[in-house]
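Asker: Dropping a structure here in C-alpha cells format, bear with me for questions.
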Amino acid sequence: MTAEAPVVPALPYGRLLPVTVHFDDLDALGLLHNARYPVLVERAWTALWNERGFGFEGDWEAAGDSCNAVKELRITYEAPVSRPGAYAVHVWLERLGTTGLTYGFRFCSPDGAVTYAHGTRVLVRLDAGTLRPAPWSEGFRVVGRELLRSGE
C-alpha cells in the first residue's frame with residue numbers, strides 16, 4: 001500500500017498552505033494561544049515567498065522585497081483551536097500598491113472548510129539603507145498579481 005498525497009482543494013483565489021500546531025503552541029486552557037496565529041500565518045507566507053524565490057538570507061541590502069515592515073495587523077478569532085495537529089492557512093493579496101500591500105488570511109482546517117481565524121496585514125517595502133518606503137520589484141509584482149483576490 002502506498003500513501004497518497006493529500007488533495008488540496010481548488011480555491012477561487014489565493015493559496016492554501018499547510019501549517020502544524022504543536023502542543024507548546026497551546027495556552028493554559030489547551031487552546032491555540034492568540035499570539036501564535038500571526039506567527040503561523042507568517043510562516044505560511046514565508047514558505048510561499050521562499051518557494052517563489054523571495055527570501056532573507058542574512059543581508060538586508062541584498063534582501064530586496066523581503067526587506068519590509070508590518071504597518072497594521074487585524075485578526076478576528078471565530079472558533080477555538082483546541083488540539084495540536086495539521087491545519088492550513090489560506091493566503092491572498094487584497095491590494096498590491098507601489099510600496100505597500102495588504103494581504104488577507106484565514107487560519108483553517110487542512111481542507112479549508114472550517115475557519116478558526118481570519119484577518120489582514122499591511123506590509124510596507126523598505127529601502128534597507130534608509131528604512132523609507134521603496135517600490136516592490138517587478139518580479140515581486142508579477143508573483144503578487146497571481147495572488148490578488150479579484151472582484152469578489
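Numbering starts fresh at 1 for the residues of each chain in the C-alpha cells, the chains themselves are lettered A, B, ... in the order given, and ligands are numbered from 1 as they appear.
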As a ChimeraX atom specification, list the residues of region 72-127 of chain A assigned to strand (DSSP E or B) by DSSP on the backbone atoms of this structure.
Answerer: /A:72-77,85-96,100-108,115-126
Asker: Would you kindly return, as a tab-separated table (two decimals) with N, CA, C and O atoms, in the first residue's frame, each protein, DNA or RNA residue with an atom no farther than 12 Å from any atom of Val39 (chain A), considering only C-alpha atoms and excluding same-chain residues fewer than 3 positions away?
Answerer:
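Writing done, so here's result31.tsv:
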```tsv
chain	number	residue	atom	x	y	z
A	19	VAL	N	0.14	24.12	7.73
A	19	VAL	CA	0.88	24.51	8.93
A	19	VAL	C	0.61	23.48	10.01
A	19	VAL	O	-0.39	22.74	9.94
A	20	THR	N	1.48	23.43	11.00
A	20	THR	CA	1.32	22.48	12.10
A	20	THR	C	1.24	23.23	13.41
A	20	THR	O	2.07	24.10	13.70
A	21	VAL	N	0.22	22.89	14.20
A	21	VAL	CA	0.11	23.41	15.57
A	21	VAL	C	0.72	22.35	16.48
A	21	VAL	O	0.35	21.18	16.43
A	25	ASP	N	2.22	25.25	21.44
A	25	ASP	CA	1.54	26.43	20.91
A	25	ASP	C	0.24	26.71	21.68
A	25	ASP	O	-0.36	27.77	21.52
A	32	LEU	N	-5.12	27.15	21.18
A	32	LEU	CA	-4.04	27.82	20.46
A	32	LEU	C	-3.96	29.25	20.97
A	32	LEU	O	-4.95	29.99	20.92
A	33	HIS	N	-2.80	29.64	21.49
A	33	HIS	CA	-2.62	30.98	22.06
A	33	HIS	C	-2.85	32.02	20.97
A	33	HIS	O	-2.40	31.86	19.84
A	34	ASN	N	-3.55	33.09	21.33
A	34	ASN	CA	-3.90	34.11	20.34
A	34	ASN	C	-2.70	34.68	19.61
A	34	ASN	O	-2.79	35.03	18.44
A	35	ALA	N	-1.55	34.76	20.25
A	35	ALA	CA	-0.35	35.31	19.61
A	35	ALA	C	0.29	34.33	18.62
A	35	ALA	O	1.14	34.73	17.83
A	36	ARG	N	-0.09	33.07	18.66
A	36	ARG	CA	0.50	32.08	17.76
A	36	ARG	C	-0.11	32.14	16.36
A	36	ARG	O	0.52	31.75	15.39
A	42	GLU	N	2.53	33.99	9.36
A	42	GLU	CA	3.81	34.48	8.84
A	42	GLU	C	4.65	33.34	8.28
A	42	GLU	O	5.28	33.48	7.23
A	43	ARG	N	4.67	32.21	8.96
A	43	ARG	CA	5.42	31.05	8.46
A	43	ARG	C	4.87	30.56	7.13
A	43	ARG	O	5.63	30.17	6.24
A	44	ALA	N	3.56	30.57	6.98
A	44	ALA	CA	2.95	30.15	5.71
A	44	ALA	C	3.35	31.11	4.60
A	44	ALA	O	3.76	30.68	3.51
A	45	TRP	N	3.24	32.42	4.85
A	45	TRP	CA	3.64	33.40	3.84
A	45	TRP	C	5.11	33.27	3.49
A	45	TRP	O	5.50	33.34	2.32
A	46	THR	N	5.96	33.09	4.50
A	46	THR	CA	7.40	32.95	4.26
A	46	THR	C	7.67	31.75	3.36
A	46	THR	O	8.47	31.84	2.43
A	73	LEU	N	-1.95	45.03	11.59
A	73	LEU	CA	-2.41	43.64	11.67
A	73	LEU	C	-3.78	43.64	12.31
A	73	LEU	O	-3.97	44.21	13.38
A	89	VAL	N	-3.32	27.54	6.27
A	89	VAL	CA	-3.53	28.98	6.18
A	89	VAL	C	-3.84	29.29	4.72
A	89	VAL	O	-3.08	28.94	3.82
A	107	PHE	N	-6.98	31.26	8.99
A	107	PHE	CA	-6.40	30.09	9.64
A	107	PHE	C	-7.53	29.07	9.66
A	107	PHE	O	-8.62	29.35	10.18
```
Asker: Set the distance at 10 Å and use only C-alpha atoms: which residues neighbour Pro110 (chain A) once local chain neighbours fewer than 2 positions away are removed? I'd like the list as JSON, numbers by chain.
Answerer: {"A": [6, 7, 8, 9, 16, 17, 18, 19, 20, 85, 86, 87, 88, 89, 90, 107, 108, 112, 113, 114]}
Asker: Between CA of Val70 (chain A) and CA of Gly30 (chain A), what distance in Å does the model show, to one decimal?
Answerer: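 Calculated distance between CA of Val70 (chain A) and CA of Gly30 (chain A) is 28.9 Å.
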Asker: Could you please write out, as a VMD selection string, every residue of region 63-120 of chain A that DSSP assigns to helix (DSSP H, G or I)?
Answerer: chain A and resid 63 to 66
Asker: Leaving out Asn68 (chain A) and any residue of its chain fewer than 3 positions from it, which residues lie within 7 Å of it when counting only C-alpha atoms, given as a PyMOL selection string?
Answerer: chain A and resi 65+123-126
Asker: Between A:Gly58, A:Tyr37, A:Leu147, A:Val142, which has the minimum distance to Pro80 (chain A) (counting only C-alpha atoms)?
Answerer: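 Closest candidate: A:Tyr37.
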Asker: Which value, in Å to one decimal, gives the distance between CA of Asp59 (chain A) and CA of Glu94 (chain A)?
Answerer: 28.7 Å
Asker: Residues within 6 Å of Leu101 (chain A), please, as a list in words. Count only C-alpha atoms; anything in the same chain fewer than 5 positions from it doesn't count.
Answerer: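 With the cut-off at 6 Å, the set is Arg95, Leu96, Val122 and Leu123 of chain A.
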Asker: I'd like the neighbourhood of Thr76 (chain A) as a compact mmCIF listing (two decimals) with N, CA, C and O atoms, in the first residue's frame, where a residue qualifies if any of its atoms comes within 9 Å (using only C-alpha atoms), though same-chain residues fewer than 6 positions away should be ignored.
Answerer:
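Done, and the output landed in part_18.txt:
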```
# COMPACT_ATOMS: atom_id res chain seq x y z
N TYR A 116 -10.99 29.19 11.58
CA TYR A 116 -10.78 29.45 13.01
C TYR A 116 -10.48 30.92 13.28
O TYR A 116 -10.84 31.44 14.34
N ALA A 117 -9.81 31.57 12.36
CA ALA A 117 -9.50 33.00 12.48
C ALA A 117 -9.26 33.56 11.08
O ALA A 117 -8.92 32.82 10.16
N HIS A 118 -9.46 34.85 10.94
CA HIS A 118 -9.20 35.50 9.64
C HIS A 118 -8.75 36.93 9.91
O HIS A 118 -8.96 37.47 11.00
N GLY A 119 -8.10 37.51 8.91
CA GLY A 119 -7.66 38.87 9.10
C GLY A 119 -6.92 39.42 7.91
O GLY A 119 -6.91 38.82 6.82
```
Asker: Can you tell me how far CA of Arg121 (chain A) sits from CA of Leu26 (chain A), in Å to one decimal?
Answerer: 23.0 Å
